Amino acid sequence: MLERRDKWLYIVRRPIVCAITNFLHGPIYPAIYSLLVLMSSFLGLEIFIFSLTACIFIFICLFSEDTIPIIPLAVLVVYAMSWRHTSQPPYYSSFLYERSTLWLLGCLATLSVFAMIFRIFVAGATNFSFRRSILFSGLLLLGLSFVFNGVLSAQFVAKDTVLGCVIAFSFVAIYFFLGKTNDKIEAKTDYAQWIGYVFFLATLVIEIQVAKLLLFGHNISGEHISVFTQTGSINKDLMIAGWGMSNNVGGMLAIFLPATLFLAYRLKNGWIFYVLSFLQVAFICCTLSRSSILFAGLLLLGAAVLFMIIPSRNRKFFRIFNGFIFFCAVIGAFVLFDVIREIFSVVFDRGFGDSNRFEIWRNGVLNFFSAPWFGVGFFASFHVDVNIENWLFPDMYHNIVIQILASCGLFGIFAYTLHLSQIFALLVRKLTPERIFYFAIFFMISGTSLLDNHIFHVFPALLYSIILYFWESSIVPKTQGILADLQRTTFHRSFAERIDSYKKIVF
């Protein structure tokens with residue numbers, strides 16, 4: 001193993017390779033990649049973006065001494081899906097179901113998996129062990145419960161295992177891969193600020209996509225379709241992006257909100273991000289996603305109060321701005337009440353009702369009793385029409401606990417309970433701004449998944465896995481491997497050194 005790794009190190013430390021990997025660790029790379037993703041969402045360049053993403057991912061696996069640069073790819077690539085190629089109404093594109101697309105995605109995924117395997121077994125962290133890990137056993141057991149979903153149920157179908165493997169992979173793979181491919185993860189290294197920067201770029205991409213909908217609506221075969229109704233309200237059914245419906249869009253904006261608030265607290269010019277956090281909540285409101293509005297509002301309110309209390313370089317601005325927002329809200333509630341009522345008419349009309357949630361949850365419990373050990377599987381019917389057309393995932397229960405209970409049974413609930421107990425073990429450690437940021441992402445993903453399906457979709461689960469890895473790493477530094485004892489060349493600096501130099505430029 002050491003001999004193979006020495007040969008690999010000789011290659012990756014060549015000046016040209018080091019120059020590329022240094023670029024991939026800097027702030028320009030995620031900015032350029034997010035711009036390409038945004039262009040793809042408008043122009044339908046998915047084939048180019050997916051191929052480029054696979055090439056970058058494979059290069060990182062083969063030639064980068066650490067694999068941190070895969071994070072922008074995992075976070076941003078999904079937003080490259082364009083409106084013209086979405087399977088959702090009113091577009092009904094078959095792009096994702098075409099044989100050529102499936103073959104390409106299959107080939108790219110296969111090459112990427114082989115690159116991951118190479119990195120883990122040929123050039124992985126030589127001294128790394130999960131024996132010191134707090135979270136790994138719970139995540140692994142949770143992944144196994146997804147794989148075995150519905151295995152003893154009369155409603156079990158082969159698709160259950162396929163989807164279970166995909167969900168398990170998204171929960172566990174990135175956590176495991178980062179652990180096995182990074183020799184030196186230290187609590188003192190400021191990964192949180194860089195991750196917050198990547199999440200903020202994703203926020204900008206989504207906000208521009210929402211702004212496009214508000215300003216220009218949809219254009220289908222030359223026909224313009226506005227997302228506004230004749231009364232000035234918003235048609236929730238038309239608030240879709242190429243990669244998701246209104247609840248998905250609102251959910252991801254809510255999940256990324258902690259990053260904007262963390263940068264507002266941390267950075268010298270954080271007041272800019274604080275203002276943008278209010279704009280972010282306004283965009284969430286435009287999606288009319290009730291669970292996202294609820295949890296984003298709670299988080300923003302909590303942060304607003306906290307920022308006025310704790311010492312920071314921008315605390316005076318936070319206090320003044322909060323007072324201004326409160327004054328505007330009171331005046332607006334009286335002067336613009338009719339306008340606000342029309343804008344949110346869809347929320348009021350649909351609901352403060354349950355949108356069949358209670359019926360879905362009741363049927364989920366009944367499904368659990370029909371197959372209590374491993375559940376009925378992800379594809380079992382819960383006998384309620386949720387009216388989702390041409391979607392890649394089956395109908396789900398819109399509640400993380402009910403979903404695991406019904407689909408994975410007692411095995412799944414035991415695994416999830418163990419996982420939450422390990423999360424609690426992280427939470428009771430000494431709080432720092434970075435750890436509060438990681439917890440806030442966990443809270444937003446889990447909280448919004450109490451009323452929606454976010455955590456069971458692949459990319460929110462990837463974010464979940466990434467955040468848990470760095471949260472744990474801020475508490476339990478990973479074992480230093482052979483790279484810690486080798487003298488680095490001037491071309492290949494440590495991640496902490498790159499962060500210190502680049503953040504002076506960007507932040």
# chains A, B, ... in the order shown; residues from 1 in each chain; ligands from 1
>>> residues_around(residues="A:Ile56", least_positions_apart="3", cutoff="12 Å", atoms="only C-alpha atoms", output="VMD selection string")
chain A and resid 20 to 21 23 to 24 29 to 30 33 49 to 53 59 to 64 67 69 to 74 77 108 111 to 112 115
>>> write_last_selection(atoms="N, CA and C atoms", output="PDB file, in the first residue's frame")
ATOM      1  N   ILE A  20      -2.855  22.837 -11.120  1.00  0.00           N
ATOM      2  CA  ILE A  20      -4.291  22.601 -11.349  1.00  0.00           C
ATOM      3  C   ILE A  20      -5.014  22.353 -10.039  1.00  0.00           C
ATOM      4  N   THR A  21      -4.434  21.538  -9.171  1.00  0.00           N
ATOM      5  CA  THR A  21      -5.099  21.239  -7.903  1.00  0.00           C
ATOM      6  C   THR A  21      -5.171  22.475  -7.009  1.00  0.00           C
ATOM      7  N   PHE A  23      -5.614  25.472  -8.118  1.00  0.00           N
ATOM      8  CA  PHE A  23      -6.744  26.216  -8.685  1.00  0.00           C
ATOM      9  C   PHE A  23      -8.068  25.625  -8.198  1.00  0.00           C
ATOM     10  N   LEU A  24      -8.156  24.297  -8.137  1.00  0.00           N
ATOM     11  CA  LEU A  24      -9.389  23.644  -7.710  1.00  0.00           C
ATOM     12  C   LEU A  24      -9.677  23.868  -6.233  1.00  0.00           C
ATOM     13  N   TYR A  29     -12.586  28.707  -8.833  1.00  0.00           N
ATOM     14  CA  TYR A  29     -13.138  27.475  -9.405  1.00  0.00           C
ATOM     15  C   TYR A  29     -14.616  27.284  -9.092  1.00  0.00           C
ATOM     16  N   PRO A  30     -15.062  27.362  -7.820  1.00  0.00           N
ATOM     17  CA  PRO A  30     -16.507  27.214  -7.592  1.00  0.00           C
ATOM     18  C   PRO A  30     -17.322  28.328  -8.219  1.00  0.00           C
ATOM     19  N   TYR A  33     -17.605  27.463 -11.927  1.00  0.00           N
ATOM     20  CA  TYR A  33     -18.471  26.292 -12.079  1.00  0.00           C
ATOM     21  C   TYR A  33     -19.933  26.668 -11.854  1.00  0.00           C
ATOM     22  N   ILE A  49     -22.245  20.033 -19.049  1.00  0.00           N
ATOM     23  CA  ILE A  49     -21.979  20.196 -17.621  1.00  0.00           C
ATOM     24  C   ILE A  49     -21.766  18.852 -16.946  1.00  0.00           C
ATOM     25  N   PHE A  50     -22.602  17.865 -17.265  1.00  0.00           N
ATOM     26  CA  PHE A  50     -22.442  16.553 -16.644  1.00  0.00           C
ATOM     27  C   PHE A  50     -21.101  15.924 -17.031  1.00  0.00           C
ATOM     28  N   SER A  51     -20.701  16.077 -18.282  1.00  0.00           N
ATOM     29  CA  SER A  51     -19.416  15.528 -18.729  1.00  0.00           C
ATOM     30  C   SER A  51     -18.254  16.260 -18.068  1.00  0.00           C
ATOM     31  N   LEU A  52     -18.338  17.593 -18.013  1.00  0.00           N
ATOM     32  CA  LEU A  52     -17.287  18.373 -17.354  1.00  0.00           C
ATOM     33  C   LEU A  52     -17.186  18.007 -15.881  1.00  0.00           C
ATOM     34  N   THR A  53     -18.326  17.852 -15.229  1.00  0.00           N
ATOM     35  CA  THR A  53     -18.340  17.494 -13.810  1.00  0.00           C
ATOM     36  C   THR A  53     -17.646  16.156 -13.586  1.00  0.00           C
ATOM     37  N   PHE A  59     -10.467  13.721 -12.137  1.00  0.00           N
ATOM     38  CA  PHE A  59      -9.151  14.330 -11.939  1.00  0.00           C
ATOM     39  C   PHE A  59      -8.849  14.486 -10.450  1.00  0.00           C
ATOM     40  N   ILE A  60      -9.829  14.960  -9.682  1.00  0.00           N
ATOM     41  CA  ILE A  60      -9.626  15.142  -8.244  1.00  0.00           C
ATOM     42  C   ILE A  60      -9.314  13.807  -7.578  1.00  0.00           C
ATOM     43  N   CYS A  61     -10.052  12.780  -7.956  1.00  0.00           N
ATOM     44  CA  CYS A  61      -9.816  11.455  -7.371  1.00  0.00           C
ATOM     45  C   CYS A  61      -8.425  10.935  -7.695  1.00  0.00           C
ATOM     46  N   LEU A  62      -7.952  11.204  -8.903  1.00  0.00           N
ATOM     47  CA  LEU A  62      -6.682  10.629  -9.346  1.00  0.00           C
ATOM     48  C   LEU A  62      -5.475  11.454  -8.933  1.00  0.00           C
ATOM     49  N   PHE A  63      -5.627  12.787  -8.841  1.00  0.00           N
ATOM     50  CA  PHE A  63      -4.436  13.628  -8.739  1.00  0.00           C
ATOM     51  C   PHE A  63      -4.418  14.621  -7.580  1.00  0.00           C
ATOM     52  N   SER A  64      -5.504  14.798  -6.854  1.00  0.00           N
ATOM     53  CA  SER A  64      -5.505  15.768  -5.758  1.00  0.00           C
ATOM     54  C   SER A  64      -5.163  15.074  -4.453  1.00  0.00           C
ATOM     55  N   THR A  67      -9.544  15.554  -1.296  1.00  0.00           N
ATOM     56  CA  THR A  67     -10.691  15.531  -2.204  1.00  0.00           C
ATOM     57  C   THR A  67     -11.737  16.592  -1.854  1.00  0.00           C
ATOM     58  N   PRO A  69     -12.141  19.501  -3.111  1.00  0.00           N
ATOM     59  CA  PRO A  69     -12.741  20.192  -4.267  1.00  0.00           C
ATOM     60  C   PRO A  69     -13.935  19.498  -4.904  1.00  0.00           C
ATOM     61  N   ILE A  70     -14.294  18.283  -4.467  1.00  0.00           N
ATOM     62  CA  ILE A  70     -15.498  17.671  -5.030  1.00  0.00           C
ATOM     63  C   ILE A  70     -16.768  18.314  -4.477  1.00  0.00           C
ATOM     64  N   ILE A  71     -16.650  19.081  -3.408  1.00  0.00           N
ATOM     65  CA  ILE A  71     -17.836  19.636  -2.751  1.00  0.00           C
ATOM     66  C   ILE A  71     -18.618  20.566  -3.674  1.00  0.00           C
ATOM     67  N   PRO A  72     -17.977  21.522  -4.395  1.00  0.00           N
ATOM     68  CA  PRO A  72     -18.775  22.342  -5.321  1.00  0.00           C
ATOM     69  C   PRO A  72     -19.522  21.518  -6.365  1.00  0.00           C
ATOM     70  N   LEU A  73     -18.926  20.409  -6.809  1.00  0.00           N
ATOM     71  CA  LEU A  73     -19.602  19.553  -7.784  1.00  0.00           C
ATOM     72  C   LEU A  73     -20.837  18.922  -7.176  1.00  0.00           C
ATOM     73  N   ALA A  74     -20.703  18.369  -5.968  1.00  0.00           N
ATOM     74  CA  ALA A  74     -21.829  17.694  -5.312  1.00  0.00           C
ATOM     75  C   ALA A  74     -22.946  18.669  -4.972  1.00  0.00           C
ATOM     76  N   VAL A  77     -24.179  20.706  -9.100  1.00  0.00           N
ATOM     77  CA  VAL A  77     -24.423  20.116 -10.427  1.00  0.00           C
ATOM     78  C   VAL A  77     -25.911  19.952 -10.733  1.00  0.00           C
ATOM     79  N   LEU A 108     -20.768   7.934 -17.310  1.00  0.00           N
ATOM     80  CA  LEU A 108     -20.098   8.916 -16.457  1.00  0.00           C
ATOM     81  C   LEU A 108     -20.115   8.468 -14.998  1.00  0.00           C
ATOM     82  N   LEU A 111     -17.556   5.530 -14.526  1.00  0.00           N
ATOM     83  CA  LEU A 111     -16.173   6.026 -14.485  1.00  0.00           C
ATOM     84  C   LEU A 111     -15.887   6.730 -13.161  1.00  0.00           C
ATOM     85  N   SER A 112     -16.861   7.492 -12.674  1.00  0.00           N
ATOM     86  CA  SER A 112     -16.672   8.210 -11.412  1.00  0.00           C
ATOM     87  C   SER A 112     -16.553   7.245 -10.245  1.00  0.00           C
ATOM     88  N   ALA A 115     -13.178   5.719 -10.268  1.00  0.00           N
ATOM     89  CA  ALA A 115     -12.192   6.675  -9.772  1.00  0.00           C
ATOM     90  C   ALA A 115     -12.226   6.754  -8.250  1.00  0.00           C
TER      91      ALA A 115
END
>>> residues_around(residues="A:Ser170", least_positions_apart="4", cutoff="6 Å", atoms="only C-alpha atoms", output="PyMOL selection string")
chain A and resi 458+461-462
>>> closest_residue(among="A:Pro90, A:Thr448, A:Trp194, A:Gly302", to="A:Ala31", atoms="only C-alpha atoms")
A:Trp194
>>> closest_atom_pairs(of="stretch 40-103 of chain A", to="stretch 229-246 of chain A", cutoff="10 Å", atoms="only C-alpha atoms", output="tab-separated table")
residue	atom	partner	partner_atom	distance
A:Ser41	CA	A:Gly242	CA	6.9
A:Phe42	CA	A:Gly242	CA	9.1
A:Gly44	CA	A:Gly242	CA	9.5
A:Val78	CA	A:Trp243	CA	6.6
A:Tyr79	CA	A:Trp243	CA	6.0
A:Ala80	CA	A:Trp243	CA	7.7
A:Met81	CA	A:Gly242	CA	4.9
A:Ser82	CA	A:Gly242	CA	4.5
A:Trp83	CA	A:Gly242	CA	4.1
A:Arg84	CA	A:Gly242	CA	7.3
A:His85	CA	A:Gly242	CA	6.9
A:Thr86	CA	A:Gly242	CA	4.9
A:Ser87	CA	A:Gly242	CA	8.1
A:Gln88	CA	A:Met245	CA	7.8
A:Pro89	CA	A:Leu238	CA	8.3
A:Pro90	CA	A:Leu238	CA	7.9
A:Tyr91	CA	A:Gly242	CA	9.3
>>> write_last_selection(atoms="C-alpha atoms", output="short mmCIF file (atom, residue, chain, number, x, y, z; two decimals), in the first residue's frame")
data_model
loop_
_atom_site.label_atom_id
_atom_site.label_comp_id
_atom_site.auth_asym_id
_atom_site.auth_seq_id
_atom_site.Cartn_x
_atom_site.Cartn_y
_atom_site.Cartn_z
CA SER A 41 -30.14 26.00 -16.69
CA PHE A 42 -30.99 28.69 -19.25
CA GLY A 44 -29.93 23.41 -21.89
CA VAL A 78 -28.15 19.41 -10.00
CA TYR A 79 -29.05 23.04 -10.69
CA ALA A 80 -27.70 22.69 -14.24
CA MET A 81 -30.99 21.07 -15.32
CA SER A 82 -32.78 23.42 -17.70
CA TRP A 83 -36.46 24.19 -18.05
CA ARG A 84 -36.56 22.88 -21.61
CA HIS A 85 -35.35 19.45 -20.47
CA THR A 86 -37.35 19.07 -17.28
CA SER A 87 -39.79 16.18 -16.99
CA GLN A 88 -42.21 18.32 -14.99
CA PRO A 89 -45.30 20.09 -16.34
CA PRO A 90 -45.80 22.25 -18.32
CA TYR A 91 -42.66 21.12 -20.25
#
>>> atom_distance(atom1="atom CA of A:Asn367", atom2="atom CA of A:Ser449")
19.7 Å
>>> atom_distance(atom1="atom CA of A:Leu257", atom2="atom CA of A:Gly297")
10.1 Å
>>> select_by_dssp(residues="stretch 87-181 of chain A", states="alpha helix (DSSP H)", output="ChimeraX atom specification")
/A:99-121,136-147,158-181
>>> select_by_dssp(residues="stretch 199-414 of chain A", states="strand (DSSP E or B)", output="PDB file with C-alpha atoms, in the first residue's frame")
ATOM      1  CA  HIS A 218     -42.076  30.328 -18.884  1.00  0.00           C
ATOM      2  CA  ASN A 219     -41.605  30.233 -22.632  1.00  0.00           C
ATOM      3  CA  ILE A 220     -43.014  27.079 -24.219  1.00  0.00           C
ATOM      4  CA  GLU A 223     -45.831  31.014 -25.884  1.00  0.00           C
ATOM      5  CA  HIS A 224     -45.235  33.147 -22.798  1.00  0.00           C
ATOM      6  CA  ILE A 225     -46.759  31.860 -19.568  1.00  0.00           C
ATOM      7  CA  PHE A 228     -48.644  35.409 -11.751  1.00  0.00           C
ATOM      8  CA  ILE A 234     -48.386  33.597  -7.670  1.00  0.00           C
ATOM      9  CA  ALA A 241     -37.074  25.090 -11.973  1.00  0.00           C
ATOM     10  CA  GLY A 244     -37.504  20.696  -9.064  1.00  0.00           C
TER      11      GLY A 244
END
>>> residues_around(residues="A:Leu463", least_positions_apart="5", cutoff="10 Å", atoms="only C-alpha atoms", output="number ranges by chain")
A: 71, 74-75, 170-171, 174-175, 199, 255-256, 441-442, 445, 455, 458, 468-469
>>> write_last_selection(atoms="C-alpha atoms", output="PDB file, in the first residue's frame")
ATOM      1  CA  ILE A  71     -17.836  19.636  -2.751  1.00  0.00           C
ATOM      2  CA  ALA A  74     -21.829  17.694  -5.312  1.00  0.00           C
ATOM      3  CA  VAL A  75     -23.572  20.887  -4.234  1.00  0.00           C
ATOM      4  CA  SER A 170     -26.236   9.630  -1.070  1.00  0.00           C
ATOM      5  CA  PHE A 171     -26.357   9.421   2.734  1.00  0.00           C
ATOM      6  CA  ILE A 174     -19.604  11.175   0.550  1.00  0.00           C
ATOM      7  CA  TYR A 175     -19.052  10.927   4.311  1.00  0.00           C
ATOM      8  CA  PHE A 199     -23.447  27.152  -0.463  1.00  0.00           C
ATOM      9  CA  ILE A 255     -31.449  24.738   3.581  1.00  0.00           C
ATOM     10  CA  PHE A 256     -28.786  27.163   2.295  1.00  0.00           C
ATOM     11  CA  ILE A 441     -27.827  23.020   8.086  1.00  0.00           C
ATOM     12  CA  PHE A 442     -28.735  19.719   9.763  1.00  0.00           C
ATOM     13  CA  ILE A 445     -32.692  19.672   6.189  1.00  0.00           C
ATOM     14  CA  ILE A 455     -33.839  14.461   2.724  1.00  0.00           C
ATOM     15  CA  VAL A 458     -30.265  12.629  -3.611  1.00  0.00           C
ATOM     16  CA  LEU A 468     -22.021  15.767   9.102  1.00  0.00           C
ATOM     17  CA  TYR A 469     -18.485  14.882   8.022  1.00  0.00           C
TER      18      TYR A 469
END
>>> atom_distance(atom1="atom CA of A:Lys159", atom2="atom CA of A:Tyr416")
22.3 Å
>>> residues_around(residues="A:Phe443", least_positions_apart="4", cutoff="10 Å", atoms="only C-alpha atoms", output="MDAnalysis selection string")
chainID A and resid 255 258 295 299 437:439 447:449 464
>>> closest_residue(among="A:Val122, A:Leu135, A:Ala259, A:Leu45", to="A:Phe424", atoms="only C-alpha atoms")
A:Leu135
>>> residues_around(residues="A:Gln422", least_positions_apart="4", cutoff="7 Å", atoms="only C-alpha atoms", output="list in words")
Ile134, Leu135, Leu418 and Leu426 of chain A
>>> write_last_selection(atoms="N, CA and C atoms", output="PDB file, in the first residue's frame")
ATOM      1  N   ILE A 134     -17.754   9.204  15.471  1.00  0.00           N
ATOM      2  CA  ILE A 134     -18.982   9.230  16.261  1.00  0.00           C
ATOM      3  C   ILE A 134     -20.173   8.807  15.417  1.00  0.00           C
ATOM      4  N   LEU A 135     -20.192   9.194  14.154  1.00  0.00           N
ATOM      5  CA  LEU A 135     -21.383   9.075  13.326  1.00  0.00           C
ATOM      6  C   LEU A 135     -21.419   7.859  12.415  1.00  0.00           C
ATOM      7  N   LEU A 418     -30.581   5.615  16.454  1.00  0.00           N
ATOM      8  CA  LEU A 418     -29.143   5.567  16.751  1.00  0.00           C
ATOM      9  C   LEU A 418     -28.432   6.748  16.125  1.00  0.00           C
ATOM     10  N   LEU A 426     -22.730  14.993  19.151  1.00  0.00           N
ATOM     11  CA  LEU A 426     -22.003  16.123  18.566  1.00  0.00           C
ATOM     12  C   LEU A 426     -22.499  17.441  19.142  1.00  0.00           C
TER      13      LEU A 426
END
>>> residues_around(residues="A:Gln155", least_positions_apart="2", cutoff="10 Å", atoms="only C-alpha atoms", output="MDAnalysis selection string")
chainID A and resid 150:153 157 160 370:371 375:381
>>> decode(residues="stretch 215-227 of chain A", atoms="N, CA and C atoms", output="mmCIF file, in the first residue's frame")
data_model
loop_
_atom_site.group_PDB
_atom_site.id
_atom_site.type_symbol
_atom_site.label_atom_id
_atom_site.label_comp_id
_atom_site.auth_asym_id
_atom_site.auth_seq_id
_atom_site.Cartn_x
_atom_site.Cartn_y
_atom_site.Cartn_z
ATOM 1 N N LEU A 215 -39.828 37.429 -13.415
ATOM 2 C CA LEU A 215 -39.753 38.504 -14.409
ATOM 3 C C LEU A 215 -40.229 38.072 -15.789
ATOM 4 N N PHE A 216 -39.917 36.842 -16.168
ATOM 5 C CA PHE A 216 -40.170 36.414 -17.549
ATOM 6 C C PHE A 216 -41.086 35.195 -17.657
ATOM 7 N N GLY A 217 -41.354 34.531 -16.553
ATOM 8 C CA GLY A 217 -42.225 33.364 -16.597
ATOM 9 C C GLY A 217 -41.626 32.237 -17.420
ATOM 10 N N HIS A 218 -42.490 31.449 -18.044
ATOM 11 C CA HIS A 218 -42.076 30.328 -18.884
ATOM 12 C C HIS A 218 -42.283 30.677 -20.353
ATOM 13 N N ASN A 219 -41.455 30.071 -21.183
ATOM 14 C CA ASN A 219 -41.605 30.233 -22.632
ATOM 15 C C ASN A 219 -41.639 28.844 -23.248
ATOM 16 N N ILE A 220 -42.830 28.427 -23.677
ATOM 17 C CA ILE A 220 -43.014 27.079 -24.219
ATOM 18 C C ILE A 220 -43.471 27.197 -25.661
ATOM 19 N N SER A 221 -42.593 26.782 -26.570
ATOM 20 C CA SER A 221 -42.886 26.837 -28.017
ATOM 21 C C SER A 221 -43.314 28.240 -28.434
ATOM 22 N N GLY A 222 -42.600 29.226 -27.908
ATOM 23 C CA GLY A 222 -42.890 30.609 -28.269
ATOM 24 C C GLY A 222 -44.023 31.243 -27.496
ATOM 25 N N GLU A 223 -44.713 30.484 -26.670
ATOM 26 C CA GLU A 223 -45.831 31.014 -25.884
ATOM 27 C C GLU A 223 -45.334 31.403 -24.497
ATOM 28 N N HIS A 224 -45.642 32.648 -24.101
ATOM 29 C CA HIS A 224 -45.235 33.147 -22.798
ATOM 30 C C HIS A 224 -46.298 32.812 -21.764
ATOM 31 N N ILE A 225 -45.857 32.209 -20.655
ATOM 32 C CA ILE A 225 -46.759 31.860 -19.568
ATOM 33 C C ILE A 225 -46.248 32.520 -18.298
ATOM 34 N N SER A 226 -47.021 33.450 -17.740
ATOM 35 C CA SER A 226 -46.634 34.151 -16.524
ATOM 36 C C SER A 226 -46.899 33.279 -15.306
ATOM 37 N N VAL A 227 -46.056 33.443 -14.272
ATOM 38 C CA VAL A 227 -46.271 32.715 -13.029
ATOM 39 C C VAL A 227 -47.253 33.456 -12.124
#
